[in-house]
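**Student:** This is structure_5.txt (compact mmCIF, C-alpha atoms and all ligand atoms).
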```txt
# COMPACT_ATOMS: atom_id res chain seq x y z
CA MET Q 19 8.34 -2.63 20.72
CA SER Q 20 7.49 -5.35 18.22
CA ALA Q 21 6.95 -3.94 14.77
CA ASN Q 22 3.27 -4.60 14.16
CA SER Q 23 2.45 -0.92 14.76
CA PHE Q 24 3.38 2.29 12.98
CA GLY Q 25 2.75 6.01 13.38
CA LYS Q 26 3.31 8.43 16.28
CA LEU Q 27 0.14 10.43 17.05
CA LEU Q 28 -2.02 8.27 14.80
CA THR Q 29 -0.92 4.70 15.40
CA VAL Q 30 -2.08 1.61 13.56
CA THR Q 31 -1.54 -1.92 14.86
CA THR Q 32 -2.56 -4.84 12.69
CA PHE Q 33 -2.96 -8.45 13.77
CA GLY Q 34 -3.99 -11.78 12.33
CA GLU Q 35 -2.85 -14.47 9.93
CA SER Q 36 -4.05 -15.39 6.45
CA HIS Q 37 -5.71 -18.65 7.56
CA GLY Q 38 -6.50 -17.72 11.16
CA PRO Q 39 -10.08 -16.98 12.24
CA ALA Q 40 -9.80 -13.22 11.63
CA ILE Q 41 -7.59 -10.26 10.84
CA GLY Q 42 -7.92 -6.87 12.48
CA CYS Q 43 -6.42 -3.55 13.45
CA VAL Q 44 -6.48 -0.96 16.19
CA ILE Q 45 -6.27 2.69 15.10
CA ASP Q 46 -5.40 4.95 18.00
CA GLY Q 47 -5.28 8.75 17.98
CA CYS Q 48 -8.05 9.51 15.48
CA PRO Q 49 -9.69 12.80 16.47
CA PRO Q 50 -13.28 12.56 17.78
CA GLY Q 51 -16.31 13.47 15.73
CA LEU Q 52 -15.46 11.84 12.39
CA ALA Q 53 -18.51 10.10 10.94
CA ILE Q 54 -17.71 6.53 9.94
CA SER Q 55 -19.88 3.49 9.16
CA PRO Q 56 -18.99 -0.13 8.26
CA GLU Q 57 -20.27 0.43 4.69
CA GLU Q 58 -17.67 3.13 4.04
CA PHE Q 59 -14.90 0.53 4.07
CA THR Q 60 -16.46 -1.50 1.25
CA LEU Q 61 -15.24 0.42 -1.80
CA ASP Q 62 -11.53 0.42 -0.99
CA LEU Q 63 -11.62 -3.13 0.41
CA GLN Q 64 -13.21 -4.33 -2.83
CA ARG Q 65 -10.64 -2.44 -4.91
CA ARG Q 66 -7.90 -4.41 -3.08
CA ALA Q 67 -9.65 -7.77 -2.75
CA THR Q 68 -8.79 -11.06 -4.40
CA GLY Q 69 -11.23 -12.75 -6.78
CA ARG Q 70 -12.56 -9.56 -8.42
CA SER Q 71 -11.01 -10.44 -11.80
CA ARG Q 72 -9.35 -13.49 -13.34
CA HIS Q 73 -6.00 -11.70 -13.03
CA THR Q 74 -5.74 -12.03 -9.23
CA SER Q 75 -5.89 -14.82 -6.65
CA GLN Q 76 -9.28 -16.57 -6.77
CA ARG Q 77 -9.70 -16.73 -3.00
CA ARG Q 78 -13.07 -15.15 -2.24
CA GLU Q 79 -13.30 -13.27 1.02
CA ALA Q 80 -16.33 -11.24 2.05
CA ASP Q 81 -14.05 -8.65 3.71
CA GLU Q 82 -16.87 -7.32 5.88
CA VAL Q 83 -15.67 -4.89 8.54
CA GLU Q 84 -16.97 -5.06 12.10
CA ILE Q 85 -16.33 -1.91 14.14
CA LEU Q 86 -15.65 -3.18 17.66
CA SER Q 87 -14.80 0.06 19.44
CA GLY Q 88 -14.07 3.76 19.12
CA VAL Q 89 -17.30 4.70 17.30
CA TYR Q 90 -20.54 5.74 19.03
CA GLU Q 91 -23.70 6.57 17.14
CA GLY Q 92 -21.69 6.74 13.91
CA LEU Q 93 -18.99 9.13 15.16
CA THR Q 94 -15.42 8.43 16.29
CA THR Q 95 -15.08 9.07 20.01
CA GLY Q 96 -11.31 9.64 20.20
CA THR Q 97 -10.78 6.22 21.80
CA PRO Q 98 -9.05 3.33 19.98
CA ILE Q 99 -10.93 2.19 16.89
CA ALA Q 100 -10.83 -1.59 16.60
CA LEU Q 101 -11.79 -3.15 13.25
CA LEU Q 102 -12.23 -6.86 12.62
CA ILE Q 103 -12.63 -8.90 9.43
CA ARG Q 104 -13.34 -12.61 9.74
CA ASN Q 105 -11.52 -14.93 7.31
CA THR Q 106 -14.06 -17.07 5.50
CA ASP Q 107 -12.31 -18.75 2.55
CA GLN Q 108 -9.12 -20.36 3.85
CA ARG Q 109 -8.01 -23.55 2.02
CA SER Q 110 -5.13 -24.68 4.18
CA LYS Q 111 -4.64 -28.04 2.42
CA ASP Q 112 -3.02 -26.10 -0.45
CA TYR Q 113 -0.08 -25.65 1.93
CA SER Q 114 0.25 -29.20 3.31
CA ASN Q 115 3.08 -30.12 0.86
CA ILE Q 116 5.22 -27.10 1.73
CA THR Q 117 4.79 -27.04 5.52
CA ALA Q 118 8.40 -28.15 6.00
CA GLN Q 119 9.82 -26.50 2.86
CA PHE Q 120 10.93 -23.00 2.01
CA ARG Q 121 9.49 -21.46 -1.13
CA PRO Q 122 12.38 -19.82 -3.04
CA GLY Q 123 11.98 -16.03 -2.99
CA HIS Q 124 9.41 -16.19 -0.16
CA ALA Q 125 9.57 -15.03 3.47
CA ASP Q 126 9.20 -18.69 4.64
CA TYR Q 127 12.97 -19.14 5.12
CA ALA Q 128 13.55 -15.84 6.93
CA TYR Q 129 10.56 -16.23 9.28
CA TRP Q 130 11.68 -19.77 10.19
CA HIS Q 131 15.19 -18.62 11.04
CA LYS Q 132 13.96 -15.66 13.03
CA TYR Q 133 11.24 -17.31 15.14
CA GLY Q 134 11.99 -21.05 14.96
CA ILE Q 135 8.27 -21.57 14.37
CA ARG Q 136 5.83 -20.32 11.74
CA ASP Q 137 2.25 -20.64 10.59
CA PRO Q 138 2.72 -21.91 7.03
CA ARG Q 139 -0.97 -21.79 6.12
CA GLY Q 140 -1.38 -19.15 3.46
CA GLY Q 141 1.92 -17.56 4.46
CA GLY Q 142 0.58 -16.78 7.95
CA ARG Q 143 1.50 -13.29 8.99
CA SER Q 144 3.69 -12.70 5.92
CA SER Q 145 0.65 -13.04 3.64
CA ALA Q 146 -0.64 -10.14 1.55
CA ARG Q 147 -3.90 -10.79 3.41
CA GLU Q 148 -2.47 -8.52 6.13
CA THR Q 149 -2.69 -5.55 3.75
CA THR Q 150 -6.50 -5.69 4.05
CA MET Q 151 -6.32 -3.97 7.43
CA ARG Q 152 -4.00 -1.25 6.14
CA VAL Q 153 -6.63 -0.42 3.52
CA ALA Q 154 -9.37 -0.41 6.16
CA ALA Q 155 -7.37 1.96 8.38
CA GLY Q 156 -6.57 4.06 5.31
CA VAL Q 157 -10.27 4.65 4.69
CA ILE Q 158 -10.42 6.60 7.95
CA ALA Q 159 -7.27 8.57 7.11
CA LYS Q 160 -8.46 9.40 3.59
CA LYS Q 161 -11.81 10.62 4.91
CA TRP Q 162 -10.28 12.75 7.66
CA LEU Q 163 -7.69 14.29 5.30
CA ALA Q 164 -10.35 15.12 2.71
CA GLN Q 165 -12.80 16.62 5.21
CA ARG Q 166 -10.32 18.52 7.34
CA TYR Q 167 -7.81 19.71 4.71
CA GLY Q 168 -9.24 18.89 1.26
CA VAL Q 169 -6.37 16.43 0.68
CA THR Q 170 -6.92 13.66 -1.89
CA VAL Q 171 -4.78 10.55 -2.29
CA ARG Q 172 -5.05 8.44 -5.44
CA GLY Q 173 -2.86 6.01 -7.34
CA HIS Q 174 -2.51 3.92 -10.47
CA LEU Q 175 -0.36 1.15 -11.89
CA SER Q 176 2.52 2.66 -13.86
CA GLN Q 177 4.29 -0.50 -15.02
CA LEU Q 178 3.30 -4.16 -15.45
CA GLY Q 179 6.30 -6.22 -16.48
CA GLU Q 180 7.68 -4.43 -19.55
CA HIS Q 181 4.39 -2.61 -20.19
CA ARG Q 182 4.21 1.13 -19.51
CA PRO Q 183 1.26 3.47 -20.11
CA ALA Q 184 1.32 5.20 -23.50
CA GLY Q 185 -1.33 7.75 -22.52
CA PHE Q 186 -2.68 8.98 -19.22
CA ASP Q 187 -6.23 9.57 -18.02
CA TRP Q 188 -7.26 9.39 -14.36
CA SER Q 189 -10.82 8.54 -15.38
CA ALA Q 190 -9.62 5.25 -16.95
CA VAL Q 191 -7.94 3.98 -13.79
CA GLU Q 192 -10.98 2.62 -11.96
CA ASP Q 193 -12.51 1.10 -15.11
CA ASN Q 194 -10.15 -1.84 -15.55
CA PRO Q 195 -8.78 -4.61 -13.31
CA PHE Q 196 -5.23 -3.19 -13.39
CA PHE Q 197 -5.71 0.42 -12.20
CA TRP Q 198 -4.21 1.26 -15.60
CA PRO Q 199 -4.41 4.88 -16.82
CA ASP Q 200 -4.57 4.12 -20.57
CA ALA Q 201 -7.80 2.34 -21.55
CA ALA Q 202 -6.54 1.55 -25.06
CA GLN Q 203 -3.82 -0.73 -23.68
CA VAL Q 204 -6.07 -2.79 -21.40
CA PRO Q 205 -6.83 -5.56 -23.98
CA ALA Q 206 -3.08 -6.10 -24.49
CA LEU Q 207 -2.57 -6.30 -20.73
CA GLU Q 208 -5.40 -8.82 -20.43
CA ALA Q 209 -3.79 -11.01 -23.11
CA TYR Q 210 -0.38 -10.68 -21.47
CA MET Q 211 -1.73 -11.66 -18.05
CA ASP Q 212 -3.72 -14.59 -19.47
CA ALA Q 213 -0.58 -16.01 -21.11
CA LEU Q 214 1.49 -15.39 -17.98
CA ARG Q 215 -1.04 -17.14 -15.76
CA LYS Q 216 -1.13 -20.16 -18.10
CA SER Q 217 2.67 -20.35 -18.04
CA GLY Q 218 2.63 -20.58 -14.22
CA ASP Q 219 4.99 -17.64 -13.84
CA SER Q 220 4.55 -14.22 -12.22
CA VAL Q 221 5.70 -10.66 -12.90
CA GLY Q 222 6.57 -7.44 -11.07
CA ALA Q 223 4.86 -4.07 -11.22
CA ARG Q 224 5.13 -0.42 -10.31
CA VAL Q 225 2.53 1.82 -8.65
CA ASP Q 226 2.45 5.63 -8.55
CA VAL Q 227 0.57 7.56 -5.85
CA VAL Q 228 -0.18 11.29 -5.82
CA ALA Q 229 -1.45 13.24 -2.81
CA GLU Q 230 -2.90 16.63 -3.72
CA GLY Q 231 -3.83 19.51 -1.45
CA VAL Q 232 -1.23 18.73 1.22
CA PRO Q 233 -0.44 22.08 2.87
CA ALA Q 234 3.15 23.29 3.12
CA GLY Q 235 4.68 22.36 6.46
CA TRP Q 236 3.76 18.71 7.11
CA GLY Q 237 6.80 16.55 7.87
CA GLU Q 238 9.30 16.61 10.72
CA PRO Q 239 13.00 17.07 10.15
CA VAL Q 240 15.27 15.36 10.63
CA TYR Q 241 14.32 11.81 11.64
CA GLY Q 242 10.62 12.20 10.92
CA LYS Q 243 10.99 13.45 7.37
CA LEU Q 244 7.81 13.07 5.37
CA SER Q 245 9.86 11.42 2.62
CA ALA Q 246 11.47 8.99 5.10
CA GLU Q 247 8.17 8.02 6.69
CA LEU Q 248 6.48 7.55 3.32
CA ALA Q 249 9.37 5.35 2.18
CA SER Q 250 9.24 3.31 5.38
CA ALA Q 251 5.46 2.86 5.18
CA LEU Q 252 5.56 1.86 1.52
CA MET Q 253 8.54 -0.46 1.96
CA SER Q 254 6.57 -2.28 4.67
CA ILE Q 255 4.03 -3.46 2.07
CA ASN Q 256 4.57 -7.10 1.08
CA ALA Q 257 6.82 -7.59 -1.96
CA VAL Q 258 7.90 -3.93 -2.22
CA LYS Q 259 11.54 -3.69 -3.32
CA GLY Q 260 11.91 -0.01 -4.10
CA VAL Q 261 10.37 3.40 -3.40
CA GLU Q 262 11.00 6.70 -5.15
CA ILE Q 263 9.97 10.22 -4.13
CA GLY Q 264 9.53 12.66 -7.02
CA ASP Q 265 12.09 11.96 -9.72
CA GLY Q 266 13.73 9.44 -7.37
CA PHE Q 267 16.59 7.48 -8.94
CA GLU Q 268 16.32 9.52 -12.16
CA SER Q 269 17.82 12.37 -10.14
CA ALA Q 270 21.24 10.69 -10.33
CA ALA Q 271 21.49 11.63 -14.01
CA GLN Q 272 20.11 15.16 -13.67
CA LEU Q 273 21.87 18.49 -13.33
CA GLY Q 274 20.95 20.80 -10.46
CA SER Q 275 19.68 23.34 -12.96
CA GLU Q 276 17.27 20.69 -14.30
CA HIS Q 277 16.22 19.15 -11.02
CA ARG Q 278 15.48 22.27 -8.96
CA ASP Q 279 11.87 23.41 -9.10
CA LEU Q 280 11.86 27.11 -9.93
CA ILE Q 281 9.58 29.25 -7.77
CA THR Q 282 7.44 32.06 -9.15
CA PRO Q 283 4.75 34.16 -7.46
CA ALA Q 284 2.22 32.20 -9.52
CA GLY Q 285 3.48 28.82 -8.27
CA PHE Q 286 6.23 26.21 -8.63
CA ALA Q 287 7.30 25.79 -12.25
CA SER Q 288 7.89 21.99 -11.98
CA ASN Q 289 7.80 19.18 -9.42
CA HIS Q 290 10.96 17.08 -9.60
CA ALA Q 291 11.09 17.08 -5.79
CA GLY Q 292 7.78 15.24 -5.50
CA GLY Q 293 6.35 17.91 -3.22
CA ILE Q 294 8.85 17.48 -0.40
CA LEU Q 295 11.92 19.61 0.41
CA GLY Q 296 13.98 19.06 3.54
CA GLY Q 297 11.53 16.33 4.54
CA ILE Q 298 8.69 18.90 4.69
CA ALA Q 299 5.74 19.28 2.31
CA THR Q 300 5.98 22.29 0.00
CA GLY Q 301 2.32 22.47 -0.97
CA GLN Q 302 2.98 20.79 -4.31
CA PRO Q 303 1.47 17.40 -5.10
CA ILE Q 304 3.32 14.64 -3.23
CA ARG Q 305 4.52 12.11 -5.83
CA VAL Q 306 5.71 8.66 -4.77
CA SER Q 307 6.32 5.46 -6.67
CA LEU Q 308 6.89 1.88 -5.53
CA VAL Q 309 8.04 -1.33 -7.17
CA LEU Q 310 6.70 -4.76 -6.22
CA LYS Q 311 8.63 -7.91 -7.04
CA PRO Q 312 7.03 -10.83 -8.88
CA THR Q 313 5.01 -13.16 -6.62
CA SER Q 314 7.30 -15.90 -5.30
CA SER Q 315 4.66 -18.65 -4.96
CA LEU Q 316 4.81 -20.42 -8.34
CA ARG Q 317 3.65 -23.78 -9.62
CA LEU Q 318 6.89 -23.95 -11.65
CA PRO Q 319 9.29 -26.23 -9.70
CA GLY Q 320 12.21 -24.43 -8.05
CA ASP Q 321 15.25 -25.59 -6.08
CA SER Q 322 15.18 -25.13 -2.34
CA VAL Q 323 15.75 -26.98 0.93
CA ASP Q 324 13.47 -28.39 3.60
CA VAL Q 325 13.69 -27.55 7.30
CA ASP Q 326 16.30 -30.33 7.74
CA GLY Q 327 18.50 -28.86 5.01
CA ASN Q 328 17.74 -31.54 2.37
CA PRO Q 329 17.47 -30.42 -1.25
CA VAL Q 330 13.89 -30.31 -2.54
CA GLN Q 331 12.00 -29.12 -5.58
CA VAL Q 332 9.26 -26.77 -4.39
CA VAL Q 333 5.99 -26.58 -6.29
CA THR Q 334 3.34 -24.25 -4.90
CA THR Q 335 -0.29 -25.05 -5.49
CA GLY Q 336 -3.10 -22.76 -4.36
CA ARG Q 337 -4.65 -19.53 -5.41
CA HIS Q 338 -1.80 -17.13 -5.93
CA ASP Q 339 -1.64 -13.76 -7.67
CA PRO Q 340 0.30 -13.84 -10.95
CA CYS Q 341 1.14 -10.19 -10.21
CA VAL Q 342 0.67 -9.02 -6.64
CA GLY Q 343 1.26 -5.45 -7.84
CA ILE Q 344 -2.12 -5.44 -9.60
CA ARG Q 345 -3.83 -5.17 -6.21
CA ALA Q 346 -1.30 -2.82 -4.64
CA THR Q 347 -2.70 0.57 -5.69
CA PRO Q 348 -5.29 0.86 -2.86
CA ILE Q 349 -2.74 -0.45 -0.35
CA ALA Q 350 -0.19 2.19 -1.35
CA GLU Q 351 -2.86 4.92 -1.23
CA ALA Q 352 -3.81 3.79 2.28
CA MET Q 353 -0.23 3.86 3.55
CA VAL Q 354 0.33 7.35 2.09
CA ALA Q 355 -2.90 8.60 3.68
CA LEU Q 356 -2.02 7.13 7.09
CA VAL Q 357 1.44 8.73 7.05
CA LEU Q 358 -0.05 12.08 6.00
CA MET Q 359 -2.71 12.00 8.73
CA ASP Q 360 -0.10 11.19 11.37
CA GLN Q 361 2.11 14.02 10.12
CA ALA Q 362 -0.86 16.42 10.01
CA LEU Q 363 -1.64 15.71 13.66
CA ARG Q 364 2.02 16.12 14.63
CA HIS Q 365 2.28 19.39 12.70
CA ARG Q 366 -0.85 20.69 14.41
CA ALA Q 367 0.51 19.69 17.82
CA GLN Q 368 3.83 21.50 17.48
CA CYS Q 369 3.23 24.26 14.96
CA GLY Q 370 -0.52 24.90 15.17
CA ASP Q 371 0.15 28.41 16.56
CA VAL Q 372 2.76 29.45 13.96
CA ALA Q 373 1.46 32.48 12.08
CA ALA Q 374 1.78 32.60 8.28
CA VAL Q 375 5.24 34.01 7.54
CA SER Q 376 4.93 34.94 3.87
CA PRO Q 377 2.40 34.32 1.14
CA GLN Q 378 2.14 30.63 0.32
CA ILE Q 379 2.41 30.14 -3.43
CA PRO Q 380 0.24 27.65 -5.32
CA GLY Q 381 1.52 24.11 -5.77
CA SER Q 382 1.89 24.58 -9.51
CA ILE Q 383 1.91 27.47 -11.92
CA ASP Q 384 -1.67 26.83 -12.99
CA GLY Q 385 -2.76 26.55 -9.38
C1 LIG C 1 -1.31 -14.81 -0.57
C2 LIG C 1 -1.73 -16.03 -1.06
C3 LIG C 1 -3.14 -16.29 -1.38
C4 LIG C 1 -3.90 -15.01 -1.65
C5 LIG C 1 -3.66 -14.04 -0.48
C6 LIG C 1 -2.21 -13.65 -0.45
O1 LIG C 1 -3.70 -16.86 -0.24
P1 LIG C 1 -4.41 -18.26 -0.29
O2 LIG C 1 -3.40 -19.26 -0.75
O3 LIG C 1 -4.89 -18.51 1.10
O4 LIG C 1 -5.53 -18.09 -1.27
O5 LIG C 1 -5.25 -15.29 -1.83
O6 LIG C 1 -4.41 -12.86 -0.62
C7 LIG C 1 -5.51 -12.66 0.15
C8 LIG C 1 -6.21 -13.62 0.71
C9 LIG C 1 -5.88 -11.25 0.30
O7 LIG C 1 -6.95 -10.96 0.86
O8 LIG C 1 -5.07 -10.41 -0.13
C10 LIG C 1 0.09 -14.60 -0.15
O9 LIG C 1 0.85 -15.60 -0.11
O10 LIG C 1 0.50 -13.46 0.13
```
Show me, as structure tokens, the structure contained in the file I just sent.
**Tutor:**
Amino acid sequence: MSANSFGKLLTVTTFGESHGPAIGCVIDGCPPGLAISPEEFTLDLQRRATGRSRHTSQRREADEVEILSGVYEGLTTGTPIALLIRNTDQRSKDYSNITAQFRPGHADYAYWHKYGIRDPRGGGRSSARETTMRVAAGVIAKKWLAQRYGVTVRGHLSQLGEHRPAGFDWSAVEDNPFFWPDAAQVPALEAYMDALRKSGDSVGARVDVVAEGVPAGWGEPVYGKLSAELASALMSINAVKGVEIGDGFESAAQLGSEHRDLITPAGFASNHAGGILGGIATGQPIRVSLVLKPTSSLRLPGDSVDVDGNPVQVVTTGRHDPCVGIRATPIAEAMVALVLMDQALRHRAQCGDVAAVSPQIPGSIDG
């Protein structure tokens, strides 16, 4: 199977190119009876969209969802849900100079050597435009998880270049263009991004996502571990170079006596594991983190070759993000929600009849 689909009981297939007529997805396996309307996609699509602040690409897409199938009189029917978004603001001439060149650090070179043909306009299928449909599909997963199990999935930026949050407040996250949890630092980030954009360079970022209310038991050992499927889903997002679960790579420096999460009748005493043990949810918050590399499309000249192997200096014009990570929070939330919904359906299918075996303790000591 070609890898434009993911999931087992809830599958998502995306299609479309950045400068093609439309992008879309087919979501198969959603249970019937979930109320969904085109307007419900707007909030998350706007959170992800370009052109909402001066710190992202200035391409302006309407990102209006058309529901083509799978919904009747406002309710999912259990049949495949097809969603379509028409592209309206392509500017393909920005790419005419680099049609036969490979941008250093970009997927151009790898796509060319794999397929022997590529759509260079806006990066074609390798464009971050594709992530729009993940967010649209994620809206359905978030809603189903919240209604059916009370699960919430939310994220924030946790690093922008060398900048890290000094304080933390969830209520600040949606009030600035960076999904940044410390409002006091936002002016400094604005100044940093303005200078970076003027310099023509780009920078990396880190995003944290937390899923709360996930019941103990979701996740399938051994090849369908919740941790493995989250990592796979998050690594499939454009520009992602690393994923951590819980303490992640910090665990290498920890002792077992530090890392283990002690269990008391009142709840877990800590959450170094990130809410997953043995690939199965423990009932604690699921904590994941992902790192996105700096955008490779730069107007600063860089050495490369053309399709004939001749040396060239590549200069990218166009409307690129100086930090693609700034828009990644809703994408990461969507991928986490889609993995969790798939795992919830799989858990229900195999273990729906398993009786409670012992009291389930709260996810944390304070409940
Ligand atoms: C992108 C390059 C830019 C971004 C695009 C992602 O495309 P263009 O050059 O056509 O403006 O605008 O992002 C989106 C359109 C989007 O909706 O995310 C890239 O190379 O990944």
**Student:** Check every protein, DNA and RNA residue against ligand LIG 1 (chain C), keep those with an atom at most 7 Å away (counting only C-alpha atoms and all ligand atoms), and present them as a list in words.
**Tutor:** Ser36, His37, Ala67, Thr68, Ser75, Gln76, Arg77, Glu79, Gln108, Arg109, Ser110, Asp112, Gly140, Gly141, Ser144, Ser145, Ala146, Arg147, Thr149, Thr150, Ser315, Gly336, Arg337, His338 and Asp339 of chain Q
**Student:** To box range 98-113 of chain Q, take all atoms listed in the file, fit an axis-aligned box, add 6 Å on each side, and give centre and edge lengths in Å to one decimal, as lines of an AutoDock Vina configuration file.
**Tutor:**
```
center_x = -7.1
center_y = -12.4
center_z = 9.8
size_x = 26.0
size_y = 43.4
size_z = 32.4
```
**Student:** Using only C-alpha atoms for the distances, tell me which of Q:Arg366, Q:Arg345, Q:Ala284, Q:Gly47 is nearest to Arg70 in chain Q.
**Tutor:**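 Of the candidates, the smallest distance to Arg70 in chain Q is held by Q:Arg345.
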**Student:** Would you list the residues near (13.1, -22.9, -1.4) (no more than 12 Å away, in the coordinates of the file, using all atoms listed in the file) as an NGL selection string?
**Tutor:** :Q and (116-128 or 314-316 or 319-325 or 327-334)
**Student:** Just C-alpha atoms for this one: save the residues we selected as a tab-separated table (two decimals), keeping the file's coordinate frame.
**Tutor:**
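Final file, again_18.tsv:
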```tsv
chain	number	residue	atom	x	y	z
Q	116	ILE	CA	5.22	-27.10	1.73
Q	117	THR	CA	4.79	-27.04	5.52
Q	118	ALA	CA	8.40	-28.15	6.00
Q	119	GLN	CA	9.82	-26.50	2.86
Q	120	PHE	CA	10.93	-23.00	2.01
Q	121	ARG	CA	9.49	-21.46	-1.13
Q	122	PRO	CA	12.38	-19.82	-3.04
Q	123	GLY	CA	11.98	-16.03	-2.99
Q	124	HIS	CA	9.41	-16.19	-0.16
Q	125	ALA	CA	9.57	-15.03	3.47
Q	126	ASP	CA	9.20	-18.69	4.64
Q	127	TYR	CA	12.97	-19.14	5.12
Q	128	ALA	CA	13.55	-15.84	6.93
Q	314	SER	CA	7.30	-15.90	-5.30
Q	315	SER	CA	4.66	-18.65	-4.96
Q	316	LEU	CA	4.81	-20.42	-8.34
Q	319	PRO	CA	9.29	-26.23	-9.70
Q	320	GLY	CA	12.21	-24.43	-8.05
Q	321	ASP	CA	15.25	-25.59	-6.08
Q	322	SER	CA	15.18	-25.13	-2.34
Q	323	VAL	CA	15.75	-26.98	0.93
Q	324	ASP	CA	13.47	-28.39	3.60
Q	325	VAL	CA	13.69	-27.55	7.30
Q	327	GLY	CA	18.50	-28.86	5.01
Q	328	ASN	CA	17.74	-31.54	2.37
Q	329	PRO	CA	17.47	-30.42	-1.25
Q	330	VAL	CA	13.89	-30.31	-2.54
Q	331	GLN	CA	12.00	-29.12	-5.58
Q	332	VAL	CA	9.26	-26.77	-4.39
Q	333	VAL	CA	5.99	-26.58	-6.29
Q	334	THR	CA	3.34	-24.25	-4.90
```
**Student:** Can I get the residues of range 41-131 of chain Q within 8 Å of range 347-360 of chain Q, each with the closest pair of atoms and their distance in Å to one decimal, using all atoms listed in the file, sorted chain first then ascending number, as a Markdown table?
**Tutor:**
```
| residue | atom | partner | partner_atom | distance |
| --- | --- | --- | --- | --- |
| Q:Asp62 | CA | Q:Pro348 | CA | 6.5 |
| Q:Arg65 | CA | Q:Pro348 | CA | 6.6 |
| Q:Arg66 | CA | Q:Pro348 | CA | 5.9 |
```
**Student:** Using all atoms listed in the file for the distances, tell me which of Q:Trp162, Q:Phe33, Q:Phe196, Q:Tyr129 is nearest to Gly51 in chain Q.
**Tutor:** Q:Trp162
**Student:** Within 6 Å of Ala223 in chain Q, counting only C-alpha atoms, which residues show up once you throw out same-chain ones fewer than 3 positions away? Write them as a PDB file with C-alpha atoms, keeping the file's coordinate frame, please.
**Tutor:**
```
ATOM      1  CA  GLN Q 177       4.290  -0.500 -15.020  1.00  0.00           C
ATOM      2  CA  LEU Q 178       3.300  -4.160 -15.450  1.00  0.00           C
ATOM      3  CA  GLY Q 179       6.300  -6.220 -16.480  1.00  0.00           C
ATOM      4  CA  VAL Q 309       8.040  -1.330  -7.170  1.00  0.00           C
ATOM      5  CA  LEU Q 310       6.700  -4.760  -6.220  1.00  0.00           C
ATOM      6  CA  GLY Q 343       1.260  -5.450  -7.840  1.00  0.00           C
TER       7      GLY Q 343
END
```
**Student:** Would you kindly place N, CA and C atoms on range 367-379 of chain Q and return the model as a PDB file, keeping the file's coordinate frame?
**Tutor:**
```
ATOM      1  N   ALA Q 367       0.107  19.706  16.414  1.00  0.00           N
ATOM      2  CA  ALA Q 367       0.510  19.690  17.820  1.00  0.00           C
ATOM      3  C   ALA Q 367       1.660  20.668  18.078  1.00  0.00           C
ATOM      4  N   GLN Q 368       2.667  20.655  17.207  1.00  0.00           N
ATOM      5  CA  GLN Q 368       3.830  21.500  17.480  1.00  0.00           C
ATOM      6  C   GLN Q 368       3.704  22.895  16.884  1.00  0.00           C
ATOM      7  N   CYS Q 369       3.151  23.001  15.696  1.00  0.00           N
ATOM      8  CA  CYS Q 369       3.230  24.260  14.960  1.00  0.00           C
ATOM      9  C   CYS Q 369       1.850  24.888  14.702  1.00  0.00           C
ATOM     10  N   GLY Q 370       0.834  24.394  15.392  1.00  0.00           N
ATOM     11  CA  GLY Q 370      -0.520  24.900  15.170  1.00  0.00           C
ATOM     12  C   GLY Q 370      -0.652  26.388  15.409  1.00  0.00           C
ATOM     13  N   ASP Q 371       0.247  26.972  16.241  1.00  0.00           N
ATOM     14  CA  ASP Q 371       0.150  28.410  16.560  1.00  0.00           C
ATOM     15  C   ASP Q 371       1.068  29.273  15.695  1.00  0.00           C
ATOM     16  N   VAL Q 372       1.834  28.648  14.782  1.00  0.00           N
ATOM     17  CA  VAL Q 372       2.760  29.450  13.960  1.00  0.00           C
ATOM     18  C   VAL Q 372       1.945  30.283  12.974  1.00  0.00           C
ATOM     19  N   ALA Q 373       2.191  31.596  12.999  1.00  0.00           N
ATOM     20  CA  ALA Q 373       1.460  32.480  12.080  1.00  0.00           C
ATOM     21  C   ALA Q 373       2.066  32.381  10.686  1.00  0.00           C
ATOM     22  N   ALA Q 374       1.262  32.621   9.656  1.00  0.00           N
ATOM     23  CA  ALA Q 374       1.780  32.600   8.280  1.00  0.00           C
ATOM     24  C   ALA Q 374       2.925  33.592   8.175  1.00  0.00           C
ATOM     25  N   VAL Q 375       4.062  33.157   7.592  1.00  0.00           N
ATOM     26  CA  VAL Q 375       5.240  34.010   7.540  1.00  0.00           C
ATOM     27  C   VAL Q 375       5.385  34.762   6.223  1.00  0.00           C
ATOM     28  N   SER Q 376       4.900  34.222   5.153  1.00  0.00           N
ATOM     29  CA  SER Q 376       4.930  34.940   3.870  1.00  0.00           C
ATOM     30  C   SER Q 376       3.866  34.293   3.007  1.00  0.00           C
ATOM     31  N   PRO Q 377       3.464  34.914   1.942  1.00  0.00           N
ATOM     32  CA  PRO Q 377       2.400  34.320   1.140  1.00  0.00           C
ATOM     33  C   PRO Q 377       2.793  32.913   0.683  1.00  0.00           C
ATOM     34  N   GLN Q 378       1.866  31.982   0.815  1.00  0.00           N
ATOM     35  CA  GLN Q 378       2.140  30.630   0.320  1.00  0.00           C
ATOM     36  C   GLN Q 378       1.743  30.579  -1.141  1.00  0.00           C
ATOM     37  N   ILE Q 379       2.694  30.169  -1.993  1.00  0.00           N
ATOM     38  CA  ILE Q 379       2.410  30.140  -3.430  1.00  0.00           C
ATOM     39  C   ILE Q 379       1.667  28.876  -3.793  1.00  0.00           C
TER      40      ILE Q 379
END
```
